[in-house]
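For reference, upload_35.txt (compact mmCIF, C-alpha atoms):
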```txt
# COMPACT_ATOMS: atom_id res chain seq x y z
CA MET U 230 68.36 -231.36 34.91
CA GLY U 231 71.12 -232.21 32.42
CA ASN U 232 71.30 -235.49 30.55
CA ALA U 233 74.49 -236.46 32.36
CA LYS U 234 72.73 -236.15 35.72
CA LYS U 235 69.81 -238.28 34.53
CA LYS U 236 72.23 -240.99 33.38
CA GLU U 237 74.02 -240.83 36.73
CA ILE U 238 70.73 -241.43 38.56
CA ILE U 239 69.93 -244.37 36.26
CA HIS U 240 73.28 -245.99 37.04
CA ILE U 241 72.70 -245.54 40.79
CA LEU U 242 69.27 -247.11 40.39
CA TYR U 243 70.52 -250.19 38.55
CA ASP U 244 73.93 -250.70 40.14
CA SER U 245 73.13 -249.88 43.76
CA VAL U 246 69.37 -250.39 44.16
CA PHE U 247 68.44 -253.15 41.71
CA ASN U 248 71.58 -255.26 41.84
CA LYS U 249 73.00 -254.53 45.30
CA LYS U 250 69.59 -254.11 46.97
CA GLN U 251 70.60 -250.84 48.63
CA TYR U 252 66.98 -249.73 48.92
CA GLU U 253 67.89 -246.89 51.28
CA LYS U 254 69.17 -245.01 48.22
CA LEU U 255 65.67 -244.86 46.74
CA SER U 256 64.85 -241.80 48.84
CA GLU U 257 67.66 -239.97 47.03
CA ILE U 258 66.38 -240.65 43.52
CA ILE U 259 62.62 -241.38 43.73
CA SER U 260 60.19 -238.49 44.17
CA PRO U 261 57.52 -238.72 46.92
CA ASP U 262 55.08 -237.93 44.09
CA TYR U 263 56.17 -240.94 42.03
CA ILE U 264 53.17 -242.80 40.54
CA SER U 265 53.56 -246.45 39.48
CA GLN U 266 51.81 -248.00 36.47
CA ASN U 267 49.35 -249.53 38.94
CA GLY U 268 48.52 -246.12 40.41
CA GLU U 269 50.46 -246.60 43.66
CA LYS U 270 52.48 -243.69 44.99
CA GLY U 271 55.89 -242.94 46.40
CA GLU U 272 59.15 -244.70 47.10
CA ALA U 273 57.38 -247.79 48.51
CA ALA U 274 55.43 -248.22 45.27
CA PHE U 275 58.66 -248.22 43.26
CA GLN U 276 60.37 -250.66 45.60
CA LYS U 277 57.43 -253.07 45.58
CA THR U 278 58.10 -254.29 42.06
CA ILE U 279 61.84 -254.64 42.60
CA THR U 280 61.55 -256.63 45.82
CA GLY U 281 58.88 -258.86 44.29
CA LEU U 282 61.22 -259.84 41.46
CA SER U 283 64.25 -260.15 43.73
CA LYS U 284 62.38 -262.46 46.09
CA ALA U 285 61.13 -264.69 43.28
CA PHE U 286 64.49 -264.61 41.48
CA PRO U 287 67.14 -264.48 44.27
CA ASP U 288 69.98 -264.15 41.75
CA ALA U 289 68.17 -261.41 39.81
CA HIS U 290 70.47 -259.13 37.84
CA TRP U 291 69.68 -256.07 35.73
CA GLU U 292 72.09 -254.90 33.04
CA VAL U 293 71.81 -251.51 31.35
CA THR U 294 72.67 -251.85 27.67
CA GLU U 295 71.84 -248.31 26.57
CA ILE U 296 70.53 -245.00 27.96
CA ILE U 297 68.97 -242.30 25.82
CA ALA U 298 68.24 -239.09 27.75
CA ASP U 299 66.33 -236.11 26.39
CA GLY U 300 64.14 -233.44 27.95
CA ASN U 301 62.65 -234.69 31.22
CA LYS U 302 62.92 -238.38 30.27
CA ALA U 303 65.46 -241.17 29.96
CA VAL U 304 64.86 -244.36 27.98
CA VAL U 305 66.77 -247.39 29.23
CA LYS U 306 67.36 -250.61 27.35
CA GLN U 307 67.85 -253.31 29.95
CA LYS U 308 68.45 -257.05 30.27
CA PHE U 309 67.05 -259.04 33.19
CA THR U 310 68.39 -262.45 34.18
CA GLY U 311 67.52 -264.70 37.08
CA THR U 312 66.45 -268.13 38.29
CA HIS U 313 62.84 -268.66 39.35
CA LYS U 314 63.26 -270.08 42.89
CA ASN U 315 60.21 -268.66 44.70
CA GLN U 316 56.63 -267.80 43.85
CA PHE U 317 56.25 -264.89 41.45
CA GLN U 318 52.78 -263.35 41.57
CA ASN U 319 50.62 -266.45 40.96
CA ILE U 320 53.36 -268.56 39.40
CA GLN U 321 54.82 -271.32 41.55
CA PRO U 322 58.64 -271.84 41.41
CA THR U 323 59.83 -273.48 38.20
CA ASN U 324 63.60 -273.43 38.96
CA ARG U 325 64.13 -272.23 35.40
CA ALA U 326 66.56 -269.52 34.34
CA VAL U 327 65.23 -266.58 32.34
CA SER U 328 66.88 -263.87 30.28
CA THR U 329 64.66 -261.14 28.90
CA ASN U 330 65.16 -257.71 27.38
CA GLY U 331 63.06 -254.67 28.12
CA ILE U 332 62.71 -250.94 27.66
CA VAL U 333 61.92 -248.60 30.54
CA THR U 334 61.05 -244.93 30.17
CA TYR U 335 61.79 -242.87 33.29
CA GLU U 336 60.30 -239.41 33.79
CA PHE U 337 62.11 -236.87 35.95
CA THR U 338 61.10 -233.83 37.93
CA GLU U 339 63.91 -231.69 39.30
CA ASP U 340 66.51 -234.31 40.32
CA LYS U 341 64.26 -237.33 41.00
CA ILE U 342 62.24 -239.95 39.14
CA ILE U 343 58.50 -239.23 39.18
CA GLY U 344 57.24 -241.88 36.75
CA SER U 345 58.25 -245.00 34.85
CA GLU U 346 56.80 -247.17 32.11
CA VAL U 347 58.09 -250.70 31.55
CA GLN U 348 57.83 -252.71 28.34
CA THR U 349 59.21 -256.24 28.47
CA ASP U 350 58.94 -259.45 26.49
CA ARG U 351 56.30 -261.05 28.72
CA LEU U 352 55.56 -263.75 26.17
CA GLY U 353 59.19 -264.84 26.00
CA PHE U 354 59.40 -264.64 29.80
CA LEU U 355 56.51 -267.09 30.22
CA GLN U 356 57.88 -269.36 27.52
CA GLN U 357 61.25 -269.54 29.29
CA LEU U 358 59.47 -270.48 32.51
CA GLY U 359 57.81 -273.33 30.63
CA LEU U 360 54.31 -271.94 31.14
CA LEU U 361 53.69 -271.43 27.42
CA PRO U 362 54.79 -273.48 24.42
CA ALA U 363 57.44 -272.02 22.15
CA ASP U 364 55.04 -272.07 19.17
CA LEU U 365 51.68 -270.73 20.31
CA SER U 366 50.07 -271.01 16.90
CA VAL U 367 50.69 -274.75 16.75
CA SER U 368 49.49 -275.26 20.32
CA SER U 369 46.29 -273.34 19.73
CA ARG U 370 45.58 -275.05 16.41
CA GLU U 371 46.12 -278.58 17.66
CA ASN U 372 44.58 -278.36 21.14
CA LYS U 373 40.84 -278.88 20.80
CA SER U 374 40.24 -278.12 24.49
CA ASN U 375 41.21 -274.43 24.16
CA VAL U 376 38.63 -271.90 25.30
CA PHE U 377 38.20 -268.49 23.65
CA PHE U 378 36.91 -265.94 26.17
CA VAL U 379 35.44 -262.94 24.34
CA ASP U 380 34.36 -259.60 25.81
CA LYS U 381 32.87 -256.85 23.67
CA PHE U 382 32.76 -253.32 25.11
CA PHE U 383 30.85 -250.25 23.97
CA ILE U 384 32.73 -247.24 25.36
CA SER U 385 31.84 -243.58 24.99
CA LYS U 386 34.73 -241.43 23.79
CA SER U 387 34.70 -239.57 27.12
CA ALA U 388 35.32 -242.83 29.02
CA VAL U 389 38.17 -244.20 26.86
CA SER U 390 40.96 -242.51 28.84
CA GLU U 391 39.79 -244.22 32.06
CA PHE U 392 38.95 -247.58 30.51
CA ILE U 393 42.20 -248.27 28.64
CA PRO U 394 44.56 -248.10 31.68
CA ARG U 395 42.22 -250.40 33.60
CA MET U 396 42.13 -252.87 30.71
CA GLU U 397 45.94 -252.85 30.44
CA TYR U 398 46.29 -253.44 34.18
CA ASN U 399 43.97 -256.46 33.88
CA TRP U 400 45.92 -257.90 30.97
CA ASP U 401 49.25 -257.45 32.76
CA PHE U 402 47.81 -259.56 35.59
CA ILE U 403 45.96 -262.14 33.49
CA LYS U 404 48.88 -262.85 31.13
CA LEU U 405 50.87 -264.30 34.03
CA LEU U 406 48.20 -266.79 35.12
CA PRO U 407 48.60 -270.54 34.50
CA GLY U 408 46.83 -271.78 31.39
CA PHE U 409 46.81 -268.43 29.59
CA ILE U 410 47.95 -268.76 25.96
CA LYS U 411 47.49 -265.43 24.22
CA HIS U 412 45.11 -262.54 23.67
CA GLU U 413 44.02 -260.08 21.03
CA VAL U 414 42.40 -256.65 21.30
CA ILE U 415 40.54 -255.34 18.26
CA VAL U 416 38.81 -251.98 17.97
CA ASP U 417 36.47 -249.91 15.83
CA ASN U 418 34.73 -246.55 16.17
CA ASP U 419 31.10 -245.72 15.51
CA THR U 420 29.98 -242.61 13.63
CA ASP U 421 29.98 -240.55 16.85
CA GLY U 422 33.57 -241.43 17.70
CA ASN U 423 32.70 -243.88 20.47
CA LEU U 424 34.92 -246.94 20.84
CA ILE U 425 33.83 -250.51 20.16
CA LEU U 426 36.50 -252.78 21.64
CA MET U 427 36.69 -256.57 21.69
CA THR U 428 39.13 -258.62 23.75
CA ILE U 429 39.78 -262.28 22.94
CA ALA U 430 41.65 -264.39 25.48
CA VAL U 431 42.72 -267.95 24.64
CA TRP U 432 42.96 -270.37 27.57
CA GLU U 433 44.36 -273.88 27.55
CA ASN U 434 41.09 -275.35 28.82
CA GLN U 435 37.99 -274.57 30.85
CA GLU U 436 39.59 -275.64 34.13
CA TYR U 437 42.35 -273.07 33.78
CA LEU U 438 39.80 -270.40 32.87
CA ASP U 439 37.68 -271.18 35.93
CA LYS U 440 40.71 -270.95 38.20
CA ALA U 441 41.74 -267.69 36.54
CA LYS U 442 38.33 -266.16 37.25
CA VAL U 443 38.83 -266.82 40.96
CA LEU U 444 42.33 -265.31 40.93
CA VAL U 445 41.07 -262.23 39.09
CA GLN U 446 38.29 -261.71 41.63
CA ASN U 447 40.82 -262.04 44.45
CA GLU U 448 43.00 -259.42 42.76
CA TYR U 449 40.01 -257.07 42.47
CA LYS U 450 39.34 -257.43 46.19
CA LYS U 451 43.01 -256.82 46.94
CA ILE U 452 43.09 -253.53 45.04
CA ASN U 453 39.54 -252.59 46.09
CA PHE U 454 38.20 -252.53 42.53
CA ASN U 455 34.54 -253.19 41.70
CA PRO U 456 34.20 -253.81 37.94
CA HIS U 457 30.40 -253.53 37.99
CA GLU U 458 30.51 -250.10 39.62
CA PHE U 459 33.33 -249.01 37.31
CA MET U 460 31.36 -249.95 34.19
CA GLU U 461 28.19 -248.39 35.55
CA GLN U 462 29.87 -245.09 36.44
CA LEU U 463 31.35 -244.77 32.95
CA ASN U 464 28.19 -246.11 31.26
CA ILE U 465 30.17 -248.86 29.53
CA LYS U 466 28.18 -251.73 28.07
CA MET U 467 29.65 -255.21 27.78
CA GLU U 468 28.73 -258.46 26.07
CA ARG U 469 30.50 -261.70 27.02
CA GLN U 470 30.69 -265.01 25.16
CA MET U 471 32.85 -268.14 25.16
CA TYR U 472 33.83 -270.27 22.18
CA LYS U 473 35.70 -273.50 21.53
CA PRO U 474 37.59 -274.64 18.41
CA TYR U 475 35.45 -276.07 15.65
CA GLN U 476 35.80 -279.83 15.44
CA GLN U 477 34.90 -281.67 12.25
```
Translate the structure described by the file into structure tokens.
Amino acid sequence: MGNAKKKEIIHILYDSVFNKKQYEKLSEIISPDYISQNGEKGEAAFQKTITGLSKAFPDAHWEVTEIIADGNKAVVKQKFTGTHKNQFQNIQPTNRAVSTNGIVTYEFTEDKIIGSEVQTDRLGFLQQLGLLPADLSVSSRENKSNVFFVDKFFISKSAVSEFIPRMEYNWDFIKLLPGFIKHEVIVDNDTDGNLILMTIAVWENQEYLDKAKVLVQNEYKKINFNPHEFMEQLNIKMERQMYKPYQQ
């Protein structure tokens, strides 16, 4: 497929599908073998994300600012604007307007899209909704009720390729929950090349963390994911601890 054709498909996707909600056109440009970042398949998987945003932000609008096409891929710089009028995932309506930039990489097979990877400013998005303070460092330093939720994983090098996508899926979900402030992921390797990975999540207080645990478990049930079985199958070991800011 030529680069001009890929760009034409991108414009159809944004102008007709995203902005005009002509979802019937998806069958023309989305492959039946399309796989979403969450592992869901087909045209319905692609539409799920769009309709979720459009429902939560009824005036949602996507603007393409640049397209770079090469090989079997096209990279799109986009701008999303909208007003948060209805529930979005676990976030109740805030009636706030948002404007956020993002980069989406679309992968093509023949003349249809078979994959996509989205990178957006999630932090800025949550700050515009009023769910996070503009200066996280000040908030974290001054709020003595913050909770630091720390997980340490010992992952064999053969299990890394399965563990990382699962971890990223979890973070994409958790970062949108009320009370979440920020997170860090730090890594090291042992002498055999196995991965030692530590995740540190900062929550506003224990109450928010407790509520988040319930929402995470509900999400696991929804997607039919059993973390204990997953860790056991891959022989991943985990240590969990919680900390609070030191108070003099």
Closest-contact table, region 302-393 of chain U side, partner region 240-243 of chain U, 12 Å, counting all atoms listed in the file, as JSON lines:
```
{"residue": "U:Ala303", "atom": "CA", "partner": "U:His240", "partner_atom": "CA", "distance": 11.6}
{"residue": "U:Val305", "atom": "CA", "partner": "U:His240", "partner_atom": "CA", "distance": 10.3}
{"residue": "U:Lys306", "atom": "CA", "partner": "U:Tyr243", "partner_atom": "CA", "distance": 11.6}
{"residue": "U:Gln307", "atom": "CA", "partner": "U:Tyr243", "partner_atom": "CA", "distance": 9.5}
{"residue": "U:Lys308", "atom": "CA", "partner": "U:Tyr243", "partner_atom": "CA", "distance": 11.0}
{"residue": "U:Phe309", "atom": "CA", "partner": "U:Tyr243", "partner_atom": "CA", "distance": 10.9}
{"residue": "U:Val333", "atom": "CA", "partner": "U:Tyr243", "partner_atom": "CA", "distance": 11.9}
{"residue": "U:Tyr335", "atom": "CA", "partner": "U:Leu242", "partner_atom": "CA", "distance": 11.2}
{"residue": "U:Lys341", "atom": "CA", "partner": "U:Leu242", "partner_atom": "CA", "distance": 11.0}
{"residue": "U:Ile342", "atom": "CA", "partner": "U:Leu242", "partner_atom": "CA", "distance": 10.1}
```
> Hey, can you check how far CA of Lys254 (chain U) sits from CA of Gln316 (chain U)?
Replying inline: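 Going from CA of Lys254 (chain U) over to CA of Gln316 (chain U) covers 26.4 Å.
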> Which one of U:Phe459, U:Tyr472, U:Tyr449, U:Tyr398 sits closest to Gln435 (chain U) if you count only C-alpha atoms?
Replying inline: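 Nearest candidate to Gln435 (chain U) out of U:Phe459, U:Tyr472, U:Tyr449, U:Tyr398: U:Tyr472.
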> Which residues come within 9 Å of region 438-443 of chain U, counting only C-alpha atoms, excluding same-chain residues fewer than 6 positions away, as a ChimeraX atom specification?
Replying inline: /U:376,378,403,406-409,432
Set out as CSV a contact list for region 384-404 of chain U and region 258-274 of chain U with a cut-off of 12 Å, giving each residue of region 384-404 of chain U that qualifies its closest atom pair and distance in Å to one decimal, counting all atoms listed in the file, ordered by chain and rising residue number.
```
residue,atom,partner,partner_atom,distance
U:Pro394,CA,U:Gln266,CA,8.7
U:Arg395,CA,U:Asn267,CA,9.0
U:Met396,CA,U:Asn267,CA,11.4
U:Glu397,CA,U:Gln266,CA,9.7
U:Tyr398,CA,U:Asn267,CA,6.9
U:Asn399,CA,U:Asn267,CA,10.1
U:Asp401,CA,U:Asn267,CA,10.0
U:Phe402,CA,U:Asn267,CA,10.7
```
Please provide as a JSON list (two decimals) with C-alpha atoms, in the coordinates of the input all residues within 10 Å of Asn248 (chain U), with the sequence filter that same-chain residues fewer than 6 positions apart are discarded (counting only C-alpha atoms).
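Output file out21.json is given in full below:
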```
[["chain", "number", "residue", "atom", "x", "y", "z"],
["U", 241, "ILE", "CA", 72.70, -245.54, 40.79],
["U", 242, "LEU", "CA", 69.27, -247.11, 40.39],
["U", 279, "ILE", "CA", 61.84, -254.64, 42.60],
["U", 283, "SER", "CA", 64.25, -260.15, 43.73],
["U", 288, "ASP", "CA", 69.98, -264.15, 41.75],
["U", 289, "ALA", "CA", 68.17, -261.41, 39.81],
["U", 290, "HIS", "CA", 70.47, -259.13, 37.84],
["U", 291, "TRP", "CA", 69.68, -256.07, 35.73],
["U", 292, "GLU", "CA", 72.09, -254.90, 33.04]]
```
>> Show me, as a ChimeraX atom specification, the residues that have an atom within 12 Å of Gln321 (chain U) when counting all atoms listed in the file, minus same-chain residues fewer than 2 positions from it.
In response: /U:285-286,313-319,323-325,358-360,405-407
> Distance CA of Glu237 (chain U)-CA of Val347 (chain U), one decimal place?
Replying inline: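 Going from CA of Glu237 (chain U) over to CA of Val347 (chain U), I get 19.4 Å.
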>> Need the shell around Ile384 (chain U): protein/DNA/RNA residues with any atom at most 6 Å away, counting only C-alpha atoms. Skip same-chain ones fewer than 5 positions apart. Format as a PyMOL selection string?
In response: chain U and resi 423-424+465
Selection export as a compact mmCIF listing (two decimals), in the frame of the given file, atoms kept: C-alpha atoms:
```txt
# COMPACT_ATOMS: atom_id res chain seq x y z
CA ASN U 423 32.70 -243.88 20.47
CA LEU U 424 34.92 -246.94 20.84
CA ILE U 465 30.17 -248.86 29.53
```
I'd like the box whose edges run along x, y and z of the file and which contains every listed atom of region 428-440 of chain U, padded by 8 Å per side; could you state its centre and edge lengths in Å, one decimal, as lines of an AutoDock Vina configuration file?
```
center_x = 41.0
center_y = -267.1
center_z = 30.6
size_x = 22.7
size_y = 33.0
size_z = 31.3
```
Could you rebuild region 230-254 of chain U with N, CA, C and O atoms and give it back as a tab-separated table (two decimals), in the coordinates of the input?
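And here is the file that came out, part_36.tsv:
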```tsv
chain	number	residue	atom	x	y	z
U	230	MET	N	67.33	-230.37	34.64
U	230	MET	CA	68.36	-231.36	34.91
U	230	MET	C	69.06	-231.76	33.60
U	230	MET	O	68.39	-232.00	32.60
U	231	GLY	N	70.37	-231.83	33.61
U	231	GLY	CA	71.12	-232.21	32.42
U	231	GLY	C	71.03	-233.70	32.15
U	231	GLY	O	70.72	-234.51	33.04
U	232	ASN	N	71.35	-234.08	30.92
U	232	ASN	CA	71.30	-235.49	30.55
U	232	ASN	C	72.32	-236.32	31.32
U	232	ASN	O	72.07	-237.48	31.65
U	233	ALA	N	73.46	-235.74	31.61
U	233	ALA	CA	74.49	-236.46	32.36
U	233	ALA	C	74.00	-236.82	33.76
U	233	ALA	O	74.26	-237.92	34.26
U	234	LYS	N	73.27	-235.90	34.38
U	234	LYS	CA	72.73	-236.15	35.72
U	234	LYS	C	71.68	-237.26	35.67
U	234	LYS	O	71.64	-238.12	36.56
U	235	LYS	N	70.82	-237.24	34.64
U	235	LYS	CA	69.81	-238.28	34.53
U	235	LYS	C	70.47	-239.65	34.38
U	235	LYS	O	70.05	-240.63	35.00
U	236	LYS	N	71.52	-239.72	33.57
U	236	LYS	CA	72.23	-240.99	33.38
U	236	LYS	C	72.90	-241.45	34.68
U	236	LYS	O	72.94	-242.65	34.98
U	237	GLU	N	73.40	-240.49	35.44
U	237	GLU	CA	74.02	-240.83	36.73
U	237	GLU	C	72.99	-241.46	37.66
U	237	GLU	O	73.28	-242.46	38.35
U	238	ILE	N	71.79	-240.90	37.70
U	238	ILE	CA	70.73	-241.43	38.56
U	238	ILE	C	70.34	-242.84	38.10
U	238	ILE	O	70.11	-243.73	38.92
U	239	ILE	N	70.27	-243.05	36.78
U	239	ILE	CA	69.93	-244.37	36.26
U	239	ILE	C	70.97	-245.41	36.70
U	239	ILE	O	70.63	-246.52	37.12
U	240	HIS	N	72.24	-245.05	36.64
U	240	HIS	CA	73.28	-245.99	37.04
U	240	HIS	C	73.21	-246.29	38.54
U	240	HIS	O	73.43	-247.44	38.96
U	241	ILE	N	72.89	-245.30	39.35
U	241	ILE	CA	72.70	-245.54	40.79
U	241	ILE	C	71.54	-246.50	41.00
U	241	ILE	O	71.62	-247.44	41.80
U	242	LEU	N	70.47	-246.26	40.25
U	242	LEU	CA	69.27	-247.11	40.39
U	242	LEU	C	69.57	-248.56	40.07
U	242	LEU	O	69.22	-249.47	40.84
U	243	TYR	N	70.27	-248.80	38.97
U	243	TYR	CA	70.52	-250.19	38.55
U	243	TYR	C	71.66	-250.83	39.34
U	243	TYR	O	71.54	-251.98	39.79
U	244	ASP	N	72.76	-250.11	39.49
U	244	ASP	CA	73.93	-250.70	40.14
U	244	ASP	C	73.73	-250.88	41.64
U	244	ASP	O	74.02	-251.96	42.19
U	245	SER	N	73.23	-249.85	42.30
U	245	SER	CA	73.13	-249.88	43.76
U	245	SER	C	71.81	-250.44	44.26
U	245	SER	O	71.78	-251.27	45.18
U	246	VAL	N	70.69	-249.99	43.66
U	246	VAL	CA	69.37	-250.39	44.16
U	246	VAL	C	68.96	-251.75	43.62
U	246	VAL	O	68.69	-252.69	44.38
U	247	PHE	N	68.90	-251.89	42.30
U	247	PHE	CA	68.44	-253.15	41.71
U	247	PHE	C	69.37	-254.31	42.05
U	247	PHE	O	68.94	-255.34	42.54
U	248	ASN	N	70.65	-254.13	41.75
U	248	ASN	CA	71.58	-255.26	41.84
U	248	ASN	C	72.18	-255.47	43.22
U	248	ASN	O	72.42	-256.61	43.63
U	249	LYS	N	72.42	-254.39	43.97
U	249	LYS	CA	73.00	-254.53	45.30
U	249	LYS	C	71.97	-254.43	46.42
U	249	LYS	O	72.30	-254.54	47.59
U	250	LYS	N	70.71	-254.17	46.02
U	250	LYS	CA	69.59	-254.11	46.97
U	250	LYS	C	69.80	-253.06	48.06
U	250	LYS	O	69.39	-253.24	49.21
U	251	GLN	N	70.42	-251.95	47.69
U	251	GLN	CA	70.60	-250.84	48.63
U	251	GLN	C	69.38	-249.92	48.54
U	251	GLN	O	69.42	-248.81	48.00
U	252	TYR	N	68.27	-250.42	49.07
U	252	TYR	CA	66.98	-249.73	48.92
U	252	TYR	C	66.94	-248.38	49.64
U	252	TYR	O	66.10	-247.53	49.33
U	253	GLU	N	67.85	-248.17	50.57
U	253	GLU	CA	67.89	-246.89	51.28
U	253	GLU	C	68.22	-245.73	50.32
U	253	GLU	O	67.90	-244.57	50.61
U	254	LYS	N	68.82	-246.05	49.19
U	254	LYS	CA	69.17	-245.01	48.22
U	254	LYS	C	67.96	-244.53	47.41
U	254	LYS	O	68.04	-243.52	46.70
```
